[in-house]
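Structure file target.txt (compact mmCIF, C-alpha atoms) follows.
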```txt
# COMPACT_ATOMS: atom_id res chain seq x y z
CA MET A 353 -98.97 -34.10 2.59
CA LEU A 354 -95.38 -34.17 1.45
CA ARG A 355 -96.57 -34.29 -0.24
CA ASN A 356 -100.82 -36.46 1.56
CA GLY A 357 -103.09 -37.69 0.89
CA ARG A 358 -105.81 -38.89 1.51
CA ARG A 359 -109.87 -43.64 -2.88
CA TRP A 360 -109.08 -44.76 -6.09
CA ARG A 361 -111.01 -44.40 -9.41
CA LEU A 362 -112.56 -47.52 -10.88
CA LEU A 363 -110.62 -47.93 -14.12
CA ALA A 364 -111.16 -51.54 -15.11
CA LEU A 365 -112.16 -54.89 -13.76
CA GLY A 366 -109.51 -56.58 -11.69
CA MET A 367 -108.14 -53.43 -10.01
CA GLY A 368 -107.10 -53.75 -6.36
CA LEU A 369 -109.45 -53.20 -3.48
CA VAL A 370 -108.48 -49.59 -2.98
CA PHE A 371 -109.61 -48.71 -6.51
CA VAL A 372 -113.01 -50.21 -5.76
CA VAL A 373 -113.21 -48.23 -2.53
CA ALA A 374 -112.49 -45.00 -4.36
CA ALA A 375 -115.11 -45.64 -6.96
CA CYS A 376 -117.67 -45.76 -4.19
CA GLY A 377 -116.60 -42.54 -2.53
CA SER A 378 -114.83 -40.25 -4.95
CA ASN A 379 -117.94 -38.29 -5.89
CA ASN A 380 -118.31 -36.88 -2.40
CA SER A 381 -114.65 -36.17 -1.69
CA GLY A 382 -115.45 -32.53 -1.06
CA GLY A 383 -118.71 -33.02 0.81
CA GLY A 384 -120.00 -34.07 4.16
CA GLY A 385 -118.30 -36.75 6.17
CA ASN A 386 -119.41 -38.95 8.99
CA ALA A 387 -118.75 -39.65 12.61
CA SER A 388 -115.95 -42.15 13.05
CA ALA A 389 -115.82 -44.33 16.13
CA THR A 390 -113.12 -43.34 18.56
CA THR A 391 -110.31 -45.85 18.97
CA LYS A 392 -110.32 -47.74 22.24
CA ALA A 393 -107.46 -45.78 23.69
CA SER A 394 -106.59 -45.35 27.31
CA SER A 395 -108.24 -43.09 29.85
CA VAL A 396 -108.66 -39.34 29.50
CA ASP A 397 -105.70 -37.20 30.61
CA GLN A 398 -107.48 -34.52 32.63
CA ALA A 399 -104.52 -32.13 32.65
CA LEU A 400 -104.31 -32.19 28.87
CA ALA A 401 -108.09 -32.02 28.49
CA ALA A 402 -108.09 -28.82 30.55
CA LYS A 403 -106.00 -27.12 27.85
CA VAL A 404 -108.64 -27.64 25.18
CA PRO A 405 -110.48 -24.34 24.50
CA ALA A 406 -114.00 -24.25 25.94
CA ALA A 407 -115.49 -23.50 22.53
CA VAL A 408 -113.80 -26.58 21.07
CA LYS A 409 -114.85 -29.03 23.77
CA ALA A 410 -118.34 -27.61 24.31
CA ASP A 411 -120.02 -30.26 22.16
CA GLY A 412 -117.60 -33.04 23.11
CA LYS A 413 -116.36 -33.65 19.60
CA LEU A 414 -113.81 -32.41 17.09
CA LEU A 415 -114.81 -31.58 13.51
CA ILE A 416 -111.92 -32.72 11.33
CA GLY A 417 -111.20 -31.83 7.72
CA THR A 418 -109.39 -34.53 5.74
CA ASP A 419 -108.63 -35.42 2.13
CA SER A 420 -109.96 -38.97 2.03
CA THR A 421 -108.05 -39.99 -1.11
CA TYR A 422 -104.69 -40.72 0.51
CA ALA A 423 -104.43 -44.39 1.47
CA PRO A 424 -103.21 -45.67 3.86
CA SER A 425 -103.33 -42.36 5.74
CA GLU A 426 -106.98 -41.45 5.19
CA PHE A 427 -109.36 -43.00 2.67
CA LEU A 428 -112.93 -44.22 2.30
CA ASP A 429 -114.03 -47.65 3.47
CA THR A 430 -116.07 -49.98 1.26
CA ASP A 431 -119.29 -48.16 2.22
CA GLY A 432 -118.02 -45.09 0.38
CA LYS A 433 -118.64 -42.92 3.46
CA THR A 434 -116.55 -43.95 6.44
CA VAL A 435 -113.07 -42.42 6.55
CA ILE A 436 -110.44 -44.93 7.67
CA GLY A 437 -106.64 -45.16 7.76
CA PHE A 438 -103.73 -44.87 10.13
CA ASP A 439 -104.19 -41.11 10.47
CA VAL A 440 -107.79 -41.74 11.48
CA ASP A 441 -107.03 -44.43 14.04
CA LEU A 442 -104.20 -42.40 15.52
CA PHE A 443 -106.06 -39.11 15.80
CA ASN A 444 -109.08 -40.89 17.28
CA ALA A 445 -106.76 -42.15 20.02
CA VAL A 446 -105.27 -38.67 20.50
CA ALA A 447 -108.76 -37.14 20.76
CA ALA A 448 -109.78 -39.80 23.28
CA LYS A 449 -106.92 -38.69 25.54
CA LEU A 450 -108.59 -35.28 25.56
CA GLY A 451 -112.01 -36.76 26.27
CA LEU A 452 -113.31 -35.90 22.80
CA GLN A 453 -115.08 -37.78 20.01
CA THR A 454 -114.23 -37.22 16.35
CA GLN A 455 -116.26 -36.33 13.28
CA TRP A 456 -114.43 -36.73 9.96
CA THR A 457 -115.41 -34.65 6.94
CA SER A 458 -113.96 -35.23 3.47
CA ALA A 459 -112.57 -32.15 1.74
CA LYS A 460 -110.19 -31.19 -1.04
CA PHE A 461 -106.65 -31.12 0.29
CA ASP A 462 -105.95 -27.51 -0.59
CA ALA A 463 -109.19 -26.39 1.11
CA ILE A 464 -108.41 -27.86 4.54
CA ILE A 465 -106.01 -25.26 5.96
CA PRO A 466 -108.25 -22.37 4.82
CA GLY A 467 -111.14 -24.30 6.38
CA VAL A 468 -109.31 -24.50 9.71
CA GLU A 469 -108.49 -20.79 9.54
CA SER A 470 -112.12 -19.89 8.86
CA GLY A 471 -113.48 -22.15 11.60
CA LYS A 472 -115.14 -24.62 9.25
CA TYR A 473 -112.95 -27.35 10.76
CA GLU A 474 -111.50 -27.44 14.26
CA VAL A 475 -108.56 -29.60 13.16
CA GLY A 476 -106.95 -30.55 9.87
CA VAL A 477 -105.68 -34.14 9.75
CA SER A 478 -104.50 -35.02 6.27
CA SER A 479 -100.81 -36.01 6.14
CA PHE A 480 -99.73 -32.37 6.13
CA THR A 481 -95.96 -32.06 5.91
CA ILE A 482 -94.76 -29.47 8.36
CA ASN A 483 -92.97 -26.63 6.58
CA PRO A 484 -92.31 -22.92 7.24
CA GLU A 485 -94.99 -21.73 4.83
CA ARG A 486 -97.74 -23.67 6.58
CA MET A 487 -96.50 -22.71 10.04
CA GLN A 488 -96.95 -19.06 9.08
CA GLN A 489 -100.66 -19.76 8.64
CA VAL A 490 -101.46 -22.27 11.39
CA ASN A 491 -100.08 -24.22 14.33
CA MET A 492 -98.79 -27.67 13.42
CA VAL A 493 -98.37 -30.59 15.83
CA SER A 494 -95.94 -33.32 14.77
CA TYR A 495 -96.99 -36.98 14.98
CA PHE A 496 -95.29 -38.97 12.16
CA SER A 497 -92.44 -38.74 9.66
CA ALA A 498 -92.51 -39.49 5.94
CA GLY A 499 -90.37 -38.87 2.88
CA THR A 500 -91.07 -38.67 -0.84
CA GLN A 501 -91.12 -41.80 -3.02
CA TRP A 502 -91.61 -42.22 -6.77
CA ALA A 503 -93.56 -45.06 -8.40
CA THR A 504 -94.03 -46.16 -11.99
CA LYS A 505 -95.74 -48.88 -13.98
CA LYS A 506 -94.34 -52.37 -13.39
CA GLY A 507 -91.17 -52.87 -15.40
CA ASN A 508 -90.74 -49.10 -15.89
CA PRO A 509 -91.61 -49.26 -19.62
CA THR A 510 -90.64 -45.63 -20.31
CA GLY A 511 -87.35 -45.81 -18.40
CA ILE A 512 -88.12 -42.82 -16.22
CA GLN A 513 -85.96 -42.05 -13.19
CA PRO A 514 -86.48 -39.40 -10.49
CA ASP A 515 -83.30 -37.60 -11.52
CA ASN A 516 -83.89 -38.14 -15.22
CA ALA A 517 -87.53 -37.23 -15.78
CA CYS A 518 -87.11 -34.40 -18.32
CA GLY A 519 -89.65 -34.73 -21.11
CA LYS A 520 -91.67 -37.34 -19.20
CA LYS A 521 -95.24 -37.13 -17.88
CA VAL A 522 -95.42 -37.12 -14.09
CA ALA A 523 -98.57 -37.33 -11.94
CA VAL A 524 -98.89 -35.54 -8.60
CA GLN A 525 -101.62 -34.45 -6.22
CA THR A 526 -102.10 -30.71 -6.33
CA SER A 527 -100.82 -28.53 -3.47
CA THR A 528 -98.69 -31.28 -1.93
CA VAL A 529 -95.04 -30.49 -1.29
CA GLN A 530 -94.19 -32.73 -4.21
CA ASP A 531 -96.23 -30.37 -6.37
CA THR A 532 -95.19 -27.04 -4.86
CA ASP A 533 -91.55 -27.72 -3.91
CA ASP A 534 -90.11 -30.85 -5.50
CA LEU A 535 -91.27 -30.85 -9.12
CA PRO A 536 -90.73 -27.12 -9.78
CA LYS A 537 -87.05 -27.55 -8.89
CA ARG A 538 -86.78 -30.50 -11.27
CA VAL A 539 -88.48 -28.54 -14.04
CA SER A 540 -85.99 -25.69 -13.56
CA ALA A 541 -83.09 -28.13 -13.69
CA CYS A 542 -84.38 -29.54 -16.98
CA LYS A 543 -84.64 -26.08 -18.50
CA SER A 544 -81.19 -25.06 -17.22
CA SER A 545 -79.63 -28.09 -18.90
CA GLY A 546 -81.45 -27.44 -22.16
CA LYS A 547 -83.65 -30.52 -21.85
CA PRO A 548 -87.43 -30.73 -22.34
CA ALA A 549 -89.43 -29.78 -19.28
CA ILE A 550 -91.24 -32.36 -17.17
CA ASN A 551 -94.91 -32.51 -18.12
CA ILE A 552 -96.70 -32.28 -14.77
CA ASP A 553 -100.23 -33.67 -14.52
CA ARG A 554 -101.88 -32.30 -11.39
CA TYR A 555 -104.83 -34.10 -9.79
CA GLN A 556 -107.16 -33.13 -6.95
CA GLY A 557 -106.91 -36.62 -5.42
CA GLN A 558 -103.96 -38.97 -5.00
CA ASP A 559 -106.24 -41.76 -6.19
CA GLN A 560 -106.49 -40.01 -9.55
CA ALA A 561 -102.72 -39.57 -9.80
CA THR A 562 -102.16 -43.25 -9.06
CA ALA A 563 -104.82 -44.31 -11.54
CA ALA A 564 -103.13 -42.22 -14.25
CA VAL A 565 -99.90 -44.18 -13.82
CA VAL A 566 -101.68 -47.53 -13.71
CA SER A 567 -103.47 -46.70 -16.97
CA GLY A 568 -100.26 -45.55 -18.67
CA LYS A 569 -101.46 -41.97 -19.08
CA ASP A 570 -98.52 -40.78 -16.99
CA ASP A 571 -95.03 -42.25 -16.76
CA ALA A 572 -94.63 -41.98 -12.98
CA MET A 573 -95.93 -40.34 -9.84
CA LEU A 574 -94.41 -39.08 -6.63
CA ALA A 575 -96.11 -38.97 -3.25
CA ASP A 576 -95.40 -39.48 0.43
CA SER A 577 -93.43 -42.68 0.98
CA PRO A 578 -96.14 -44.66 2.84
CA VAL A 579 -98.70 -43.67 0.22
CA ALA A 580 -96.53 -44.76 -2.71
CA ALA A 581 -95.74 -48.08 -1.02
CA TYR A 582 -99.41 -48.70 -0.26
CA ALA A 583 -100.36 -47.92 -3.87
CA VAL A 584 -97.92 -50.54 -5.13
CA LYS A 585 -99.37 -53.10 -2.74
CA GLN A 586 -103.01 -52.35 -3.51
CA THR A 587 -102.67 -52.33 -7.31
CA ASN A 588 -101.62 -55.99 -7.27
CA GLY A 589 -98.23 -55.54 -8.85
CA GLN A 590 -99.27 -53.07 -11.55
CA LEU A 591 -96.90 -50.48 -10.06
CA GLU A 592 -93.38 -50.59 -8.63
CA LEU A 593 -91.41 -48.18 -6.46
CA LEU A 594 -88.76 -46.08 -8.16
CA GLY A 595 -85.57 -44.85 -6.51
CA ASP A 596 -85.04 -44.22 -2.81
CA ILE A 597 -87.07 -42.34 -0.20
CA TYR A 598 -85.80 -38.78 0.28
CA ASP A 599 -86.60 -35.49 2.04
CA SER A 600 -88.12 -37.05 5.14
CA ALA A 601 -90.10 -34.57 7.23
CA PRO A 602 -92.75 -34.68 9.97
CA TYR A 603 -96.50 -34.70 9.43
CA GLY A 604 -98.52 -32.28 11.54
CA TYR A 605 -102.04 -31.81 12.83
CA VAL A 606 -103.36 -28.36 11.89
CA VAL A 607 -105.13 -25.96 14.27
CA LYS A 608 -105.70 -22.21 14.25
CA LYS A 609 -102.70 -19.96 14.75
CA ASP A 610 -104.17 -18.41 17.91
CA GLN A 611 -104.96 -21.78 19.53
CA THR A 612 -101.55 -22.46 21.07
CA ASP A 613 -102.96 -24.15 24.18
CA PHE A 614 -105.03 -26.48 22.00
CA ALA A 615 -101.93 -27.31 19.96
CA GLN A 616 -100.00 -28.06 23.15
CA ALA A 617 -102.83 -30.31 24.34
CA LEU A 618 -102.74 -32.27 21.07
CA SER A 619 -98.96 -32.58 21.29
CA GLY A 620 -99.23 -33.87 24.85
CA ALA A 621 -101.89 -36.36 23.77
CA VAL A 622 -99.62 -37.67 21.00
CA GLY A 623 -96.92 -38.15 23.63
CA ALA A 624 -99.40 -39.99 25.84
CA VAL A 625 -100.40 -42.49 23.15
CA ILE A 626 -96.72 -43.02 22.35
CA SER A 627 -96.03 -43.77 26.02
CA ASP A 628 -98.93 -46.18 26.54
CA GLY A 629 -98.17 -48.23 23.40
CA THR A 630 -101.29 -47.28 21.45
CA TYR A 631 -99.20 -45.37 18.91
CA LYS A 632 -97.00 -48.33 18.00
CA GLN A 633 -100.00 -50.65 17.85
CA ILE A 634 -101.78 -48.44 15.33
CA LEU A 635 -98.78 -47.86 13.08
CA THR A 636 -98.00 -51.57 13.08
CA LYS A 637 -101.58 -52.39 12.14
CA TRP A 638 -101.20 -50.28 8.99
CA GLY A 639 -97.62 -51.29 8.21
CA VAL A 640 -96.24 -47.76 8.57
CA GLU A 641 -94.20 -48.16 11.74
CA ALA A 642 -91.05 -46.98 9.89
CA GLY A 643 -92.45 -43.45 10.18
CA ALA A 644 -92.78 -43.50 13.98
CA ILE A 645 -91.48 -40.56 15.99
CA THR A 646 -90.51 -40.55 19.67
CA ASN A 647 -91.57 -37.02 20.63
CA SER A 648 -94.26 -34.64 19.45
CA ALA A 649 -93.75 -30.88 19.18
CA VAL A 650 -95.71 -27.79 18.23
CA ASN A 651 -94.26 -26.04 15.17
CA PRO A 652 -90.96 -27.97 15.24
CA SER A 653 -88.02 -26.35 13.48
CA ALA A 654 -86.88 -27.88 10.20
```
Show me the file's structure as structure tokens.
Amino acid sequence: MLRNGRRWRLLALGMGLVFVVAACGSNNSGGGGNASATTKASSVDQALAAKVPAAVKADGKLLIGTDSTYAPSEFLDTDGKTVIGFDVDLFNAVAAKLGLQTQWTSAKFDAIIPGVESGKYEVGVSSFTINPERMQQVNMVSYFSAGTQWATKKGNPTGIQPDNACGKKVAVQTSTVQDTDDLPKRVSACKSSGKPAINIDRYQGQDQATAAVVSGKDDAMLADSPVAAYAVKQTNGQLELLGDIYDSAPYGYVVKKDQTDFAQALSGAVGAVISDGTYKQILTKWGVEAGAITNSAVNPSA
């Protein structure tokens, strides 16, 4: 995430649909997932499928770690179990190009990359922003682009602004780039100017961060741009976007550092779904087509 993921806590009657969904599934956000039906993509690309390591394709499926609190990227359906979202639909189509099924398992965001490194998951798909720190640990395959966006309660009752947040309470999902990169710089700027520091409230799930702003506990939140926009839509006007989108960067699928061929196969499969139109169809379905890319790469430079 740029932040992403990644559902919402049930705070009161009348909340949007996403809050109801989260109430059903938030208790098992770190537990077992479920098999998710593979998108009806096009036929298998045999050349790309041949690049998948034998150990990975032996059982015909990919075990995926995801933080299912990050709508519209990945979140729980109304059954409280099935992981859905544009990341899910898109990666299902990518996996289908490689002749593989998918099995989605909910996990805490900051546990996914370690889980890939340890072999607990074969792929991490959770709106991971590609950055140098992560590329030192794992291979990352680009498939989407997103920036950071702030949101606040409708009418902005506390008058907070992204560049004037000193002394305010700001919600963020832990271990996202908004948490590790963005807010620390803003805190330092507040201190350097002699102003009160930003009070950062860190949450394990983006659903919790959003709920804190809706309830008035926090003055604003920042998250990946599609996530912030979706939160505004799903809270039925209780939130509004704040400022402009900034720091756009690619999302990446995560695989082990020594699985370069696998990463290249995934990148080729992303290119294949772009070429056959499946990619555009999926992004349009979820209203996130503004983040479309034209080419996928393994460990792209910043």
Practice task
Take CA of Ile436 (chain A) and CA of Leu635 (chain A) and report the distance between them in Å, one decimal.
Solution key: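 Computing the Euclidean distance for CA of Ile436 (chain A) and CA of Leu635 (chain A) yields 13.2 Å.
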Problem - Distance criterion (all atoms listed in the file): nearest to Lys403 (chain A) out of A:Ser577, A:Ser627, A:Ser540, A:Ser619 - result: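 Counting all atoms listed in the file, the residue closest to Lys403 (chain A) is A:Ser619.
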Exercise for the section: Work out how far CA of Leu574 (chain A) is from CA of Leu593 (chain A), in Å to one decimal. Expected result: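 Computing the Euclidean distance for CA of Leu593 (chain A) and CA of Leu574 (chain A) yields 9.6 Å.
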Practice task
One decimal, Å: what's the distance from CA of Leu415 (chain A) over to CA of Asp462 (chain A), could you say?
Solution key: 17.1 Å
Practice task
List the neighbours of Val607 (chain A) out to 12 Å using only C-alpha atoms; skip same-chain residues closer than 5 positions along the sequence, and give me the result as a PyMOL selection string.
Solution key: chain A and resi 404-405+408+414-417+464-477+480+486-494+612-619+650-651
Handout entry: Selected residue of minimal separation from Val522 (chain A) among A:Arg554, A:Lys433, A:Lys505, A:Lys547, counting only C-alpha atoms
Key =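 Closest residue, counting only C-alpha atoms: A:Arg554.
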Exercise for the section: List the neighbours of region 568-570 of chain A out to 9 Å using only C-alpha atoms; skip same-chain residues closer than 4 positions along the sequence, and give me the result as a ChimeraX atom specification. Expected result: /A:504-505,520-523,552-553,561,563-564
Using the selection just defined, write its residues with C-alpha atoms as a CSV table (one decimal), in the coordinates of the input.
```csv
chain,number,residue,atom,x,y,z
A,504,THR,CA,-94.0,-46.2,-12.0
A,505,LYS,CA,-95.7,-48.9,-14.0
A,520,LYS,CA,-91.7,-37.3,-19.2
A,521,LYS,CA,-95.2,-37.1,-17.9
A,522,VAL,CA,-95.4,-37.1,-14.1
A,523,ALA,CA,-98.6,-37.3,-11.9
A,552,ILE,CA,-96.7,-32.3,-14.8
A,553,ASP,CA,-100.2,-33.7,-14.5
A,561,ALA,CA,-102.7,-39.6,-9.8
A,563,ALA,CA,-104.8,-44.3,-11.5
A,564,ALA,CA,-103.1,-42.2,-14.2
```
Problem - Of the listed residues A:Thr418, A:Ala644, A:Gln525, A:Asp571, that which approaches Thr630 (chain A) most closely, counting only C-alpha atoms - result: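 Closest candidate: A:Ala644.
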Handout entry: A:Thr587, A:Gly557, A:Ala445, A:Ala549 ranked by distance to Phe427 (chain A), top pick (using only C-alpha atoms)
Key =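 The closest residue to Phe427 (chain A) is A:Gly557.
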Practice task
Tell me which of A:Glu485, A:Asp534, A:Asp429, A:Glu592 sits closest to Pro509 (chain A), counting all atoms listed in the file.
Solution key: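 Comparing A:Glu485, A:Asp534, A:Asp429, A:Glu592 against Pro509 (chain A), the winner is A:Glu592.
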